[in-house]
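> To be precise about what I am sending: the file is called structure_27.cif and holds mmCIF, C-alpha atoms.
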data_input
loop_
_atom_site.label_atom_id
_atom_site.label_comp_id
_atom_site.auth_asym_id
_atom_site.auth_seq_id
_atom_site.Cartn_x
_atom_site.Cartn_y
_atom_site.Cartn_z
CA MET S 1 10.24 -17.07 -7.87
CA ALA S 2 9.76 -13.34 -7.89
CA ARG S 3 9.00 -11.81 -11.25
CA ILE S 4 11.05 -9.01 -12.74
CA ASN S 5 8.50 -6.37 -11.72
CA ASP S 6 9.08 -7.18 -8.04
CA VAL S 7 11.87 -4.65 -7.62
CA GLY S 8 11.25 -3.47 -4.04
CA GLY S 9 14.56 -3.32 -2.16
CA THR S 10 16.73 -4.44 -5.05
CA GLN S 11 19.84 -2.40 -5.79
CA GLY S 12 21.45 -1.08 -8.91
CA PHE S 13 18.70 0.96 -10.54
CA GLY S 14 20.58 4.19 -9.97
CA ALA S 15 19.40 7.68 -9.20
CA ILE S 16 15.81 8.84 -9.37
CA ASP S 17 14.98 11.48 -11.92
CA THR S 18 12.90 13.62 -9.60
CA SER S 19 11.89 16.17 -12.21
CA ASP S 20 8.33 17.14 -11.60
CA ASP S 21 6.71 16.15 -14.86
CA THR S 22 3.11 17.17 -14.76
CA GLU S 23 2.29 16.08 -18.32
CA PRO S 24 0.18 12.93 -18.13
CA PHE S 25 1.54 11.66 -21.45
CA HIS S 26 4.81 12.32 -23.22
CA ALA S 27 3.63 11.31 -26.67
CA ASP S 28 0.28 10.91 -28.34
CA TRP S 29 0.71 7.15 -28.67
CA GLU S 30 0.87 6.83 -24.89
CA ALA S 31 -2.58 8.39 -24.61
CA ARG S 32 -3.89 6.07 -27.35
CA VAL S 33 -2.55 3.06 -25.45
CA VAL S 34 -4.36 4.14 -22.30
CA GLY S 35 -7.52 4.82 -24.30
CA LEU S 36 -7.34 1.42 -25.99
CA PHE S 37 -6.67 -0.30 -22.67
CA ASN S 38 -9.68 1.31 -20.99
CA THR S 39 -11.93 0.69 -23.99
CA LEU S 40 -11.00 -2.99 -24.33
CA ARG S 41 -11.22 -3.61 -20.61
CA GLY S 42 -14.59 -1.86 -20.52
CA GLN S 43 -15.83 -4.23 -23.21
CA GLY S 44 -14.64 -7.25 -21.24
CA VAL S 45 -12.00 -8.26 -23.79
CA PHE S 46 -9.66 -8.69 -20.82
CA ASN S 47 -9.64 -7.70 -17.19
CA THR S 48 -7.17 -5.81 -15.02
CA ASN S 49 -5.68 -8.91 -13.44
CA GLU S 50 -4.97 -10.50 -16.80
CA PHE S 51 -3.39 -7.25 -17.91
CA ARG S 52 -1.13 -7.01 -14.86
CA ASP S 53 -0.13 -10.63 -15.29
CA ALA S 54 0.76 -10.02 -18.92
CA ILE S 55 3.08 -7.15 -17.94
CA GLU S 56 4.64 -9.10 -15.09
CA SER S 57 5.23 -12.12 -17.34
CA MET S 58 7.37 -10.17 -19.76
CA PRO S 59 10.89 -11.57 -20.19
CA PRO S 60 13.10 -9.59 -17.75
CA ALA S 61 15.35 -8.05 -20.38
CA GLU S 62 12.36 -6.94 -22.43
CA TYR S 63 10.59 -5.58 -19.33
CA LEU S 64 13.60 -3.54 -18.25
CA ALA S 65 14.24 -2.16 -21.73
CA ALA S 66 10.64 -1.06 -22.22
CA SER S 67 9.19 2.25 -21.13
CA TYR S 68 6.10 2.22 -18.95
CA TYR S 69 3.56 2.51 -21.73
CA GLU S 70 5.55 0.20 -24.03
CA ARG S 71 4.84 -2.44 -21.39
CA TRP S 72 1.16 -1.61 -21.59
CA PHE S 73 1.24 -1.99 -25.35
CA THR S 74 3.05 -5.32 -25.10
CA ALA S 75 0.50 -6.61 -22.59
CA ILE S 76 -2.44 -5.55 -24.76
CA ARG S 77 -0.88 -7.24 -27.80
CA VAL S 78 -0.14 -10.45 -25.87
CA LEU S 79 -3.69 -10.65 -24.50
CA LEU S 80 -5.32 -9.92 -27.86
CA GLU S 81 -3.22 -12.65 -29.46
CA ARG S 82 -3.93 -15.12 -26.66
CA LYS S 83 -7.65 -14.50 -26.98
CA GLY S 84 -7.57 -14.81 -30.74
CA VAL S 85 -8.68 -11.22 -31.37
CA ILE S 86 -5.60 -10.64 -33.51
CA GLU S 87 -3.24 -13.09 -35.16
CA PRO S 88 0.32 -13.44 -33.87
CA GLY S 89 2.53 -11.22 -35.98
CA GLU S 90 -0.38 -9.16 -37.28
CA LEU S 91 1.14 -6.03 -35.71
CA ASP S 92 4.73 -6.58 -36.75
CA ASP S 93 6.45 -4.37 -39.26
CA MET X 1 14.26 6.22 -21.98
CA SER X 2 13.11 5.77 -25.56
CA GLY X 3 14.98 7.37 -28.39
CA ASP X 4 13.19 8.98 -31.31
CA HIS X 5 13.56 5.92 -33.46
CA THR X 6 11.94 3.65 -30.87
CA ASP X 7 9.22 6.21 -30.36
CA ALA X 8 8.40 6.31 -34.07
CA THR X 9 8.26 2.52 -34.18
CA ILE X 10 5.98 2.16 -31.19
CA ALA X 11 3.79 5.03 -32.39
CA ARG X 12 3.34 3.24 -35.72
CA ARG X 13 2.50 -0.05 -34.01
CA VAL X 14 -0.05 1.57 -31.73
CA ARG X 15 -1.68 3.23 -34.73
CA ARG X 16 -1.77 -0.10 -36.53
CA LEU X 17 -3.35 -1.78 -33.51
CA GLU X 18 -6.03 0.88 -33.30
CA THR X 19 -6.78 0.56 -37.03
CA LEU X 20 -6.95 -3.21 -36.74
CA LEU X 21 -9.34 -3.02 -33.80
CA GLU X 22 -11.48 -0.51 -35.70
CA GLU X 23 -11.67 -2.88 -38.65
CA LYS X 24 -12.74 -5.66 -36.32
CA GLY X 25 -15.42 -3.38 -34.91
CA LEU X 26 -14.04 -3.44 -31.37
CA VAL X 27 -13.21 0.24 -30.99
CA THR X 28 -13.78 3.53 -32.74
CA GLY X 29 -11.37 6.44 -32.70
CA GLU X 30 -14.12 8.61 -31.18
CA LYS X 31 -14.66 6.15 -28.34
CA VAL X 32 -10.94 6.07 -27.57
CA ASP X 33 -10.85 9.90 -27.62
CA GLU X 34 -13.76 10.00 -25.18
CA VAL X 35 -12.12 7.52 -22.84
CA ILE X 36 -8.87 9.51 -22.79
CA ASP X 37 -10.72 12.79 -22.18
CA ALA X 38 -12.75 11.26 -19.35
CA PHE X 39 -9.64 9.82 -17.75
CA LEU X 40 -7.89 13.20 -17.82
CA ALA X 41 -10.95 15.14 -16.71
CA GLU X 42 -11.70 13.11 -13.62
CA SER X 43 -8.17 12.53 -12.32
CA SER X 44 -6.41 15.48 -10.72
CA PRO X 45 -4.32 16.29 -7.67
CA ALA X 46 -6.81 19.10 -7.09
CA ASN X 47 -9.19 16.38 -5.88
CA GLY X 48 -6.74 15.09 -3.29
CA ALA X 49 -5.93 18.67 -2.28
CA ARG X 50 -9.61 19.31 -1.68
CA VAL X 51 -9.83 16.24 0.55
CA VAL X 52 -6.80 17.43 2.55
CA ALA X 53 -8.17 20.96 2.97
CA ARG X 54 -11.45 19.52 4.24
CA ALA X 55 -9.58 17.36 6.74
CA TRP X 56 -7.57 20.36 7.93
CA THR X 57 -10.70 22.38 8.59
CA ASP X 58 -13.17 19.72 9.76
CA GLU X 59 -12.02 17.45 12.60
CA ALA X 60 -15.00 15.12 12.26
CA PHE X 61 -14.28 14.64 8.56
CA LYS X 62 -10.62 14.07 9.30
CA SER X 63 -11.36 11.29 11.77
CA ARG X 64 -13.72 9.64 9.27
CA LEU X 65 -11.04 10.02 6.58
CA LEU X 66 -8.38 8.32 8.69
CA ARG X 67 -10.77 5.57 9.78
CA ASP X 68 -12.20 4.73 6.36
CA GLY X 69 -10.66 6.72 3.52
CA THR X 70 -12.83 5.22 0.82
CA ALA X 71 -16.10 6.12 2.55
CA ALA X 72 -14.89 9.61 3.47
CA VAL X 73 -13.77 10.59 -0.04
CA ARG X 74 -17.08 9.29 -1.39
CA GLU X 75 -18.74 12.00 0.69
CA LEU X 76 -16.95 14.43 -1.63
CA GLY X 77 -17.91 12.49 -4.74
CA TYR X 78 -14.69 10.56 -5.39
CA MET X 79 -14.14 6.83 -5.92
CA ASP X 80 -17.83 6.05 -6.34
CA GLY X 81 -18.24 2.47 -7.46
CA SER X 82 -14.51 1.77 -7.21
CA TYR X 83 -13.43 -1.65 -6.00
CA GLN X 84 -10.33 -0.10 -4.49
CA ARG X 85 -9.79 0.70 -0.84
CA LEU X 86 -8.20 4.00 0.06
CA ARG X 87 -6.22 4.39 3.24
CA VAL X 88 -5.19 7.90 4.20
CA VAL X 89 -2.05 8.13 6.33
CA GLU X 90 -1.39 11.21 8.43
CA ASN X 91 1.88 13.05 8.82
CA THR X 92 2.47 14.44 12.30
CA ALA X 93 5.28 16.21 14.15
CA THR X 94 6.95 12.84 14.66
CA THR X 95 5.87 10.71 11.68
CA HIS X 96 6.21 11.02 7.94
CA ASN X 97 4.56 8.80 5.36
CA VAL X 98 5.43 8.10 1.76
CA ILE X 99 3.69 5.89 -0.80
CA VAL X 100 4.99 3.60 -3.51
CA CYS X 101 3.92 0.67 -5.64
CA THR X 102 6.97 -1.57 -5.72
CA LEU X 103 5.32 -4.02 -8.13
CA CYS X 104 4.14 -1.53 -10.72
CA SER X 105 2.31 1.77 -10.48
CA CYS X 106 -0.81 1.48 -8.29
CA TYR X 107 -1.84 4.92 -7.18
CA PRO X 108 -5.07 6.75 -6.34
CA LEU X 109 -5.38 8.28 -9.80
CA ARG X 110 -8.67 9.99 -9.21
CA LEU X 111 -7.25 11.94 -6.25
CA LEU X 112 -3.67 12.49 -7.39
CA GLY X 113 -3.98 12.72 -11.16
CA PRO X 114 -1.81 10.76 -13.58
CA SER X 115 1.35 9.69 -11.78
CA PRO X 116 4.74 11.23 -12.52
CA SER X 117 7.30 9.17 -14.42
CA TRP X 118 9.54 8.79 -11.39
CA TYR X 119 6.74 7.12 -9.42
CA LYS X 120 6.68 4.36 -12.05
CA SER X 121 10.47 4.09 -12.32
CA GLU X 122 12.44 1.09 -11.09
CA ALA X 123 14.77 3.49 -9.27
CA TYR X 124 12.03 4.93 -7.05
CA ARG X 125 10.20 1.64 -6.57
CA SER X 126 13.30 -0.26 -5.57
CA ARG X 127 14.94 2.39 -3.41
CA VAL X 128 12.19 4.07 -1.41
CA VAL X 129 11.51 0.90 0.56
CA ARG X 130 15.20 0.35 1.24
CA GLU X 131 16.45 3.84 1.98
CA PRO X 132 13.45 6.15 2.31
CA ARG X 133 15.35 8.94 4.05
CA ALA X 134 17.93 9.13 1.28
CA VAL X 135 15.19 9.15 -1.35
CA LEU X 136 13.25 11.86 0.49
CA ALA X 137 16.41 13.95 0.73
CA GLU X 138 16.78 13.74 -3.06
CA PHE X 139 13.32 15.24 -3.31
CA GLY X 140 14.41 17.99 -0.92
CA VAL X 141 12.53 16.67 2.08
CA GLU X 142 14.71 17.02 5.17
CA LEU X 143 13.03 15.54 8.22
CA PRO X 144 13.95 16.36 11.80
CA PRO X 145 16.06 13.60 13.36
CA GLY X 146 13.90 11.12 15.18
CA THR X 147 11.02 11.40 12.71
CA GLN X 148 9.56 7.99 12.07
CA VAL X 149 9.24 7.28 8.34
CA THR X 150 6.65 4.77 7.12
CA VAL X 151 6.56 3.57 3.52
CA TRP X 152 3.22 2.26 2.24
CA ASP X 153 3.37 -0.22 -0.62
CA SER X 154 0.23 -0.14 -2.77
CA SER X 155 -1.53 -3.05 -4.40
CA ALA X 156 -4.27 -3.52 -6.96
CA GLU X 157 -6.90 -3.23 -4.24
CA SER X 158 -5.25 -0.97 -1.67
CA ARG X 159 -4.29 2.59 -2.47
CA TYR X 160 -2.75 5.16 -0.15
CA MET X 161 -2.75 8.93 0.11
CA VAL X 162 -0.74 11.05 2.52
CA LEU X 163 -2.46 13.66 4.67
CA PRO X 164 0.28 16.28 4.97
CA ARG X 165 0.73 18.48 8.04
CA ARG X 166 -1.06 21.78 7.88
CA PRO X 167 1.57 24.50 7.76
CA GLU X 168 1.98 27.12 10.46
CA GLY X 169 0.46 30.51 9.87
CA THR X 170 -2.54 29.32 7.88
CA ALA X 171 -5.18 29.76 10.57
CA GLY X 172 -7.03 32.45 8.67
CA MET X 173 -7.09 30.70 5.31
CA SER X 174 -10.22 29.41 3.63
CA GLU X 175 -10.61 25.77 2.64
CA GLU X 176 -10.05 26.73 -0.97
CA GLU X 177 -6.88 28.66 -0.17
CA LEU X 178 -5.60 25.73 1.86
CA ALA X 179 -6.27 23.35 -1.01
CA GLY X 180 -4.11 25.59 -3.18
CA LEU X 181 -1.11 24.86 -0.95
CA VAL X 182 -1.27 21.10 -1.41
CA THR X 183 0.92 19.66 -4.16
CA ARG X 184 0.79 16.25 -5.80
CA ASN X 185 4.14 15.31 -4.27
CA ALA X 186 2.83 16.25 -0.82
CA LEU X 187 0.02 13.72 -1.36
CA ILE X 188 2.63 11.09 -2.26
CA GLY X 189 4.90 12.08 0.63
CA THR X 190 7.88 13.25 -1.42
CA ALA X 191 7.19 16.85 -0.40
CA VAL X 192 5.83 18.64 2.62
CA VAL X 193 3.40 21.54 2.55
#
Would you mind writing the file's structure down as structure tokens?

Amino acid sequence: MARINDVGGTQGFGAIDTSDDTEPFHADWEARVVGLFNTLRGQGVFNTNEFRDAIESMPPAEYLAASYYERWFTAIRVLLERKGVIEPGELDD
Amino acid sequence: MSGDHTDATIARRVRRLETLLEEKGLVTGEKVDEVIDAFLAESSPANGARVVARAWTDEAFKSRLLRDGTAAVRELGYMDGSYQRLRVVENTATTHNVIVCTLCSCYPLRLLGPSPSWYKSEAYRSRVVREPRAVLAEFGVELPPGTQVTVWDSSAESRYMVLPRRPEGTAGMSEEELAGLVTRNALIGTAVV
């Protein structure tokens, strides 16, 4: 079965916001997420394929509700928990 | 997409994660800063524009670029050591190309810079493969009737870049001036030069 990320050709996502945003990040936390991702991957804590899989395995409703870098954060958290680097719930409020 | 409240929550969680990883000795704030700076410094649409300007002014380079994009851009110092393959697709009088990553956001970052939000949106990813002409029209790209449109769907290993058509009236321009005409969207295919 296709995962939720496999959206090619599906209908109902509405219009494209074509505004030409040239800012790489829209908030500082987005940059930190990218920095953490690259650092952890560089240290072999996880690899790119595991990371992609973690994003694509998100529950559909959660995937669709999350912004792009929120998905990255979720994937990092899931992988760190799976690998025992952090405890489940350690990041919760 | 995210309201202020969500943004504050996620910002706090990201900060907590970074602190936790610092305590565990896995990262330092300085290292993360360095990684972000390096990412931003080496990824720019100016790189892709330089490749295009070289192709417009050097036929031999252009044929190498279209045959083996990865090897050709390495001549200019890009994508060294990358596991990714780059395929450069050429717009002509009768064909127009546009790139997408329907599954996520794959993109030749080094040559195009960080991707715009719309490239990563479900709306673009779902629609451009279904109705490319309508999507291109929304970006203001009106193609002559009969133009063949090809949509290239990226993957983790295969990245695409569009070689736009060189505009009329640019015969006397230098390579650098030509590079200045090339926009990020032209390298994606959602604009023409």
> So, with all atoms listed in the file as the atoms that count, which of X:Pro114, X:Pro164, X:Pro108, X:Gly48 lies closest to chain S?
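Closest to chain S of all the choices is X:Pro114.
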> Could you list, with a cut-off of 12 Å and counting all atoms listed in the file, the residues of range 19-54 of chain X near range 26-45 of chain S, each shown with its nearest atom pair and the distance in Å rounded to one decimal, rows sorted by chain and ascending number, as a tab-separated table?

residue	atom	partner	partner_atom	distance
X:Thr19	CA	S:Leu36	CA	11.1
X:Leu20	CA	S:Leu36	CA	11.7
X:Leu21	CA	S:Leu36	CA	9.2
X:Glu22	CA	S:Leu36	CA	10.7
X:Gly25	CA	S:Leu40	CA	11.5
X:Leu26	CA	S:Leu40	CA	7.7
X:Val27	CA	S:Thr39	CA	7.1
X:Thr28	CA	S:Thr39	CA	9.4
X:Gly29	CA	S:Arg32	CA	9.2
X:Glu30	CA	S:Gly35	CA	10.3
X:Lys31	CA	S:Thr39	CA	7.5
X:Val32	CA	S:Gly35	CA	4.9
X:Asp33	CA	S:Gly35	CA	6.9
X:Glu34	CA	S:Gly35	CA	8.2
X:Val35	CA	S:Gly35	CA	5.5
X:Ile36	CA	S:Gly35	CA	5.1
X:Asp37	CA	S:Gly35	CA	8.8
X:Ala38	CA	S:Gly35	CA	9.7
X:Phe39	CA	S:Gly35	CA	8.5
X:Leu40	CA	S:Ala31	CA	9.9
> Kindly provide, as a PyMOL selection string, the residues of chain X having any atom no farther than 9 Å from an atom of chain S, counting all atoms listed in the file.
chain X and resi 1-2+7+9-18+20-21+24+26-27+31-37+39-40+101-104+113-131+135+138-139+156+185
> In terms of the shortest atom-to-atom distance over all atoms listed in the file, which of X:Ala93, X:Leu65, X:Val193, X:Ile99 is closest to Pro144 in chain X?
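Closest candidate: X:Ala93.
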> So the first atom is CA of Asp153 in chain X and the second is CA of Asp53 in chain S; what is the distance between them in Å, to one decimal place?
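Separation between CA of Asp153 in chain X and CA of Asp53 in chain S: 18.3 Å.
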> As a PDB file, in the coordinates of the input, could you write out range 49-62 of chain S once it has been completed with N, CA and C atoms?

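What ended up in selection01.pdb:
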ATOM      1  N   ASN S  49      -6.620  -7.910 -13.943  1.00  0.00           N
ATOM      2  CA  ASN S  49      -5.680  -8.910 -13.440  1.00  0.00           C
ATOM      3  C   ASN S  49      -4.926  -9.595 -14.568  1.00  0.00           C
ATOM      4  N   GLU S  50      -5.635  -9.889 -15.644  1.00  0.00           N
ATOM      5  CA  GLU S  50      -4.970 -10.500 -16.800  1.00  0.00           C
ATOM      6  C   GLU S  50      -3.922  -9.545 -17.365  1.00  0.00           C
ATOM      7  N   PHE S  51      -4.291  -8.268 -17.363  1.00  0.00           N
ATOM      8  CA  PHE S  51      -3.390  -7.250 -17.910  1.00  0.00           C
ATOM      9  C   PHE S  51      -2.120  -7.141 -17.062  1.00  0.00           C
ATOM     10  N   ARG S  52      -2.305  -7.078 -15.748  1.00  0.00           N
ATOM     11  CA  ARG S  52      -1.130  -7.010 -14.860  1.00  0.00           C
ATOM     12  C   ARG S  52      -0.248  -8.235 -15.063  1.00  0.00           C
ATOM     13  N   ASP S  53      -0.886  -9.395 -15.121  1.00  0.00           N
ATOM     14  CA  ASP S  53      -0.130 -10.630 -15.290  1.00  0.00           C
ATOM     15  C   ASP S  53       0.681 -10.611 -16.596  1.00  0.00           C
ATOM     16  N   ALA S  54       0.065 -10.063 -17.630  1.00  0.00           N
ATOM     17  CA  ALA S  54       0.760 -10.020 -18.920  1.00  0.00           C
ATOM     18  C   ALA S  54       2.000  -9.122 -18.842  1.00  0.00           C
ATOM     19  N   ILE S  55       1.901  -8.020 -18.108  1.00  0.00           N
ATOM     20  CA  ILE S  55       3.080  -7.150 -17.940  1.00  0.00           C
ATOM     21  C   ILE S  55       4.145  -7.876 -17.117  1.00  0.00           C
ATOM     22  N   GLU S  56       3.687  -8.492 -16.026  1.00  0.00           N
ATOM     23  CA  GLU S  56       4.640  -9.100 -15.090  1.00  0.00           C
ATOM     24  C   GLU S  56       5.278 -10.372 -15.669  1.00  0.00           C
ATOM     25  N   SER S  57       4.672 -10.921 -16.704  1.00  0.00           N
ATOM     26  CA  SER S  57       5.230 -12.120 -17.340  1.00  0.00           C
ATOM     27  C   SER S  57       6.212 -11.803 -18.449  1.00  0.00           C
ATOM     28  N   MET S  58       6.433 -10.519 -18.693  1.00  0.00           N
ATOM     29  CA  MET S  58       7.370 -10.170 -19.760  1.00  0.00           C
ATOM     30  C   MET S  58       8.764 -10.714 -19.431  1.00  0.00           C
ATOM     31  N   PRO S  59       9.507 -11.154 -20.447  1.00  0.00           N
ATOM     32  CA  PRO S  59      10.890 -11.570 -20.190  1.00  0.00           C
ATOM     33  C   PRO S  59      11.651 -10.399 -19.549  1.00  0.00           C
ATOM     34  N   PRO S  60      12.452 -10.669 -18.497  1.00  0.00           N
ATOM     35  CA  PRO S  60      13.100  -9.590 -17.750  1.00  0.00           C
ATOM     36  C   PRO S  60      13.825  -8.557 -18.608  1.00  0.00           C
ATOM     37  N   ALA S  61      14.575  -9.012 -19.585  1.00  0.00           N
ATOM     38  CA  ALA S  61      15.350  -8.050 -20.380  1.00  0.00           C
ATOM     39  C   ALA S  61      14.405  -7.118 -21.163  1.00  0.00           C
ATOM     40  N   GLU S  62      13.334  -7.722 -21.662  1.00  0.00           N
ATOM     41  CA  GLU S  62      12.360  -6.940 -22.430  1.00  0.00           C
ATOM     42  C   GLU S  62      11.629  -5.943 -21.516  1.00  0.00           C
TER      43      GLU S  62
END
